[in-house]
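Visitor: Got a structure here, written out as structure tokens. Questions coming.
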Amino acid sequence: MSLLEVREIAKEYRLPGQPPIRVLDGVSFMVEPGEHVAVVGRSGAGKTTLLNILGGLDRPTAGDVLLAGESLFRGFGASRRRTRLRATRVGFVFQSFHLMPELDIVENVLLPTMTGFGCSSSRKEIRARACELLAKVGLGDRLDHLPTELSGGEQQRVALARALITRPEIVFADEPTGNLDALTGEEILKLLFEVNESPLACVMVTHSSAAAAKCDRTLTLDKGRLG
């Protein structure tokens, strides 16, 4: 069974008095366990909208997404199901990091564990895992630092550790190297694909041909459709 199955996803935005704007139009594909997939396309092609739908952060106008065989948008209790799946099977890495400036980096990494879903470990064990992940991404000596005390590349390393704290099966990454220089971006991609304990699937939106080349497969989004 595929880890992720995307079925005929469409997304429209409606403004009063204007015809609907269709951003996505019948997008379908599958991602296998451990597979790395890049989604490329021009600005405004709908890449980030698609990624947000795949992760259950946005709802499609039509279609469905199945994660590990479970529907994100159909059937009774879909909202709670999305929350559970995001908390237990999914990690997110954003271009702008989205770290909480008032929290130190360990506390930032721990944020996804505070949903109340699927966390049977003690707080001590979870904190130990956060520190271990930060050490793996090269920040073991910066644990008491705030995000504002780190470089952009270091902040993205924190964001990567945060994405992995719940041991997800798939990571959705939105331009994870977009705010970084080429060398730092390459290091982040290496960590994304290698730092997890087990093979990790990834869907990555990127403008970088170098980043896309690191993936197993590349999908091109153009005018709301996959080319």
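In the structure tokens, chains take letters A, B, ... by order of appearance, with residues numbered from 1 within each chain and ligands from 1 in the order shown.
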Could you pull out the residues in range 1-213 of chain A that DSSP calls strand (DSSP E or B) from the backbone, as a PDB file with C-alpha atoms, in the first residue's frame?
Guide:
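selection.pdb, written as the output of this step:
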ATOM      1  CA  LEU A   4       0.376   8.750   0.440  1.00  0.00           C
ATOM      2  CA  GLU A   5      -2.353   8.644  -2.205  1.00  0.00           C
ATOM      3  CA  VAL A   6      -3.553  11.898  -3.771  1.00  0.00           C
ATOM      4  CA  ARG A   7      -6.869  11.543  -5.593  1.00  0.00           C
ATOM      5  CA  GLU A   8      -8.087  14.158  -8.075  1.00  0.00           C
ATOM      6  CA  ILE A   9      -7.372  17.156  -5.849  1.00  0.00           C
ATOM      7  CA  ALA A  10      -8.941  20.451  -6.939  1.00  0.00           C
ATOM      8  CA  LYS A  11      -8.797  23.796  -5.173  1.00  0.00           C
ATOM      9  CA  GLU A  12     -10.777  26.940  -6.012  1.00  0.00           C
ATOM     10  CA  TYR A  13     -10.824  30.369  -4.429  1.00  0.00           C
ATOM     11  CA  ILE A  21      -9.999  30.930  -9.476  1.00  0.00           C
ATOM     12  CA  ARG A  22      -8.923  27.303  -9.847  1.00  0.00           C
ATOM     13  CA  VAL A  23      -5.448  26.786  -8.389  1.00  0.00           C
ATOM     14  CA  LEU A  24      -5.369  22.979  -8.547  1.00  0.00           C
ATOM     15  CA  ASP A  25      -7.217  20.891 -11.121  1.00  0.00           C
ATOM     16  CA  GLY A  26      -7.386  17.117 -10.760  1.00  0.00           C
ATOM     17  CA  VAL A  27      -3.984  16.452  -9.185  1.00  0.00           C
ATOM     18  CA  SER A  28      -3.314  12.752  -8.546  1.00  0.00           C
ATOM     19  CA  PHE A  29      -0.152  10.844  -7.581  1.00  0.00           C
ATOM     20  CA  MET A  30       1.180   8.407  -4.985  1.00  0.00           C
ATOM     21  CA  VAL A  31       4.205   8.331  -2.718  1.00  0.00           C
ATOM     22  CA  HIS A  36      11.522  11.374  -1.948  1.00  0.00           C
ATOM     23  CA  VAL A  37       9.396  13.400  -4.383  1.00  0.00           C
ATOM     24  CA  ALA A  38      10.074  16.952  -5.578  1.00  0.00           C
ATOM     25  CA  VAL A  39       7.255  19.195  -6.835  1.00  0.00           C
ATOM     26  CA  VAL A  40       8.492  21.981  -9.104  1.00  0.00           C
ATOM     27  CA  ALA A  62     -12.774  18.378  -4.440  1.00  0.00           C
ATOM     28  CA  GLY A  63     -10.822  15.162  -4.196  1.00  0.00           C
ATOM     29  CA  ASP A  64      -9.190  13.412  -1.270  1.00  0.00           C
ATOM     30  CA  VAL A  65      -5.834  12.510   0.260  1.00  0.00           C
ATOM     31  CA  LEU A  66      -5.165   9.154   1.905  1.00  0.00           C
ATOM     32  CA  LEU A  67      -2.309   8.881   4.370  1.00  0.00           C
ATOM     33  CA  GLU A  70      -6.790   6.882   6.067  1.00  0.00           C
ATOM     34  CA  SER A  71      -8.774   9.669   4.430  1.00  0.00           C
ATOM     35  CA  VAL A  90       3.677  13.810   9.473  1.00  0.00           C
ATOM     36  CA  GLY A  91       6.472  16.354   9.889  1.00  0.00           C
ATOM     37  CA  PHE A  92       6.635  19.842   8.371  1.00  0.00           C
ATOM     38  CA  VAL A  93       9.629  21.943   7.314  1.00  0.00           C
ATOM     39  CA  PHE A  94       8.906  25.509   6.195  1.00  0.00           C
ATOM     40  CA  ILE A 170       6.607  11.455   5.826  1.00  0.00           C
ATOM     41  CA  VAL A 171       7.854  15.052   5.839  1.00  0.00           C
ATOM     42  CA  PHE A 172       6.328  17.869   3.796  1.00  0.00           C
ATOM     43  CA  ALA A 173       8.980  20.482   3.042  1.00  0.00           C
ATOM     44  CA  ASP A 174       8.122  23.874   1.517  1.00  0.00           C
ATOM     45  CA  ALA A 201       9.301   9.703   2.784  1.00  0.00           C
ATOM     46  CA  CYS A 202       9.372  13.329   1.692  1.00  0.00           C
ATOM     47  CA  VAL A 203       7.354  15.590  -0.598  1.00  0.00           C
ATOM     48  CA  MET A 204       9.356  18.745  -1.211  1.00  0.00           C
ATOM     49  CA  VAL A 205       8.236  21.890  -3.014  1.00  0.00           C
TER      50      VAL A 205
END
Visitor: Run DSSP on the backbone and tell me which residues of range 2-225 of chain A come out as helix (DSSP H, G or I); list them as a PyMOL selection string.
Guide: chain A and resi 47-54+78-89+105-115+123-136+147-149+152-164+182-194+209-213
Visitor: Quick one: residues within 12 Å of Asn179 in chain A, only C-alpha atoms counted, chain neighbours fewer than 4 positions away excluded, as a list in words?
Guide: Phe94, Gln95, Ser96, Phe97, Ser151, Gly152, Gly153, Glu154, Gln155, Gln156, Asp174, Glu175, Leu183, Thr184, Gly185, Ile188, Thr206, His207 and Ser208 of chain A
Visitor: Between A:Leu15, A:Ala87, A:Leu192, A:Val106, single out the one closest to Cys215 in chain A, counting only C-alpha atoms.
Guide: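 Of A:Leu15, A:Ala87, A:Leu192, A:Val106, the one nearest Cys215 in chain A is A:Leu192, counting only C-alpha atoms.
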Visitor: Extract, using only C-alpha atoms, all DNA, RNA and protein residues at most 8 Å from Pro147 in chain A, discarding same-chain residues fewer than 6 positions from it, and format them as a ChimeraX atom specification.
Guide: /A:99-101,103-105,155
Visitor: Suppose we keep N, CA and C atoms; can you now write the selection as a PDB file, in the first residue's frame?
Guide:
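Listed below is the output, again-v5.pdb:
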ATOM      1  N   LEU A  99       9.820  29.325  13.817  1.00  0.00           N
ATOM      2  CA  LEU A  99      10.208  29.042  15.196  1.00  0.00           C
ATOM      3  C   LEU A  99       9.619  30.091  16.123  1.00  0.00           C
ATOM      4  N   MET A 100       9.336  29.692  17.358  1.00  0.00           N
ATOM      5  CA  MET A 100       8.806  30.624  18.365  1.00  0.00           C
ATOM      6  C   MET A 100       9.983  31.369  18.995  1.00  0.00           C
ATOM      7  N   PRO A 101      10.068  32.699  18.810  1.00  0.00           N
ATOM      8  CA  PRO A 101      11.267  33.426  19.234  1.00  0.00           C
ATOM      9  C   PRO A 101      11.472  33.461  20.735  1.00  0.00           C
ATOM     10  N   LEU A 103      10.968  30.972  22.807  1.00  0.00           N
ATOM     11  CA  LEU A 103      11.327  29.653  23.318  1.00  0.00           C
ATOM     12  C   LEU A 103      12.738  29.288  22.890  1.00  0.00           C
ATOM     13  N   ASP A 104      13.464  28.568  23.760  1.00  0.00           N
ATOM     14  CA  ASP A 104      14.785  28.108  23.340  1.00  0.00           C
ATOM     15  C   ASP A 104      14.616  26.988  22.316  1.00  0.00           C
ATOM     16  N   ILE A 105      15.721  26.523  21.736  1.00  0.00           N
ATOM     17  CA  ILE A 105      15.572  25.620  20.599  1.00  0.00           C
ATOM     18  C   ILE A 105      15.053  24.240  21.020  1.00  0.00           C
ATOM     19  N   GLN A 155      18.791  27.836  12.230  1.00  0.00           N
ATOM     20  CA  GLN A 155      17.348  27.826  12.492  1.00  0.00           C
ATOM     21  C   GLN A 155      16.651  26.739  11.679  1.00  0.00           C
TER      22      GLN A 155
END
Visitor: Any idea what's packed within 10 Å of Ile165 in chain A, counting only C-alpha atoms, ignoring anything in its chain fewer than 6 positions away? Could you give it as an NGL selection string?
Guide: :A and (88 or 91 or 109-113 or 126-127 or 129-134 or 196)
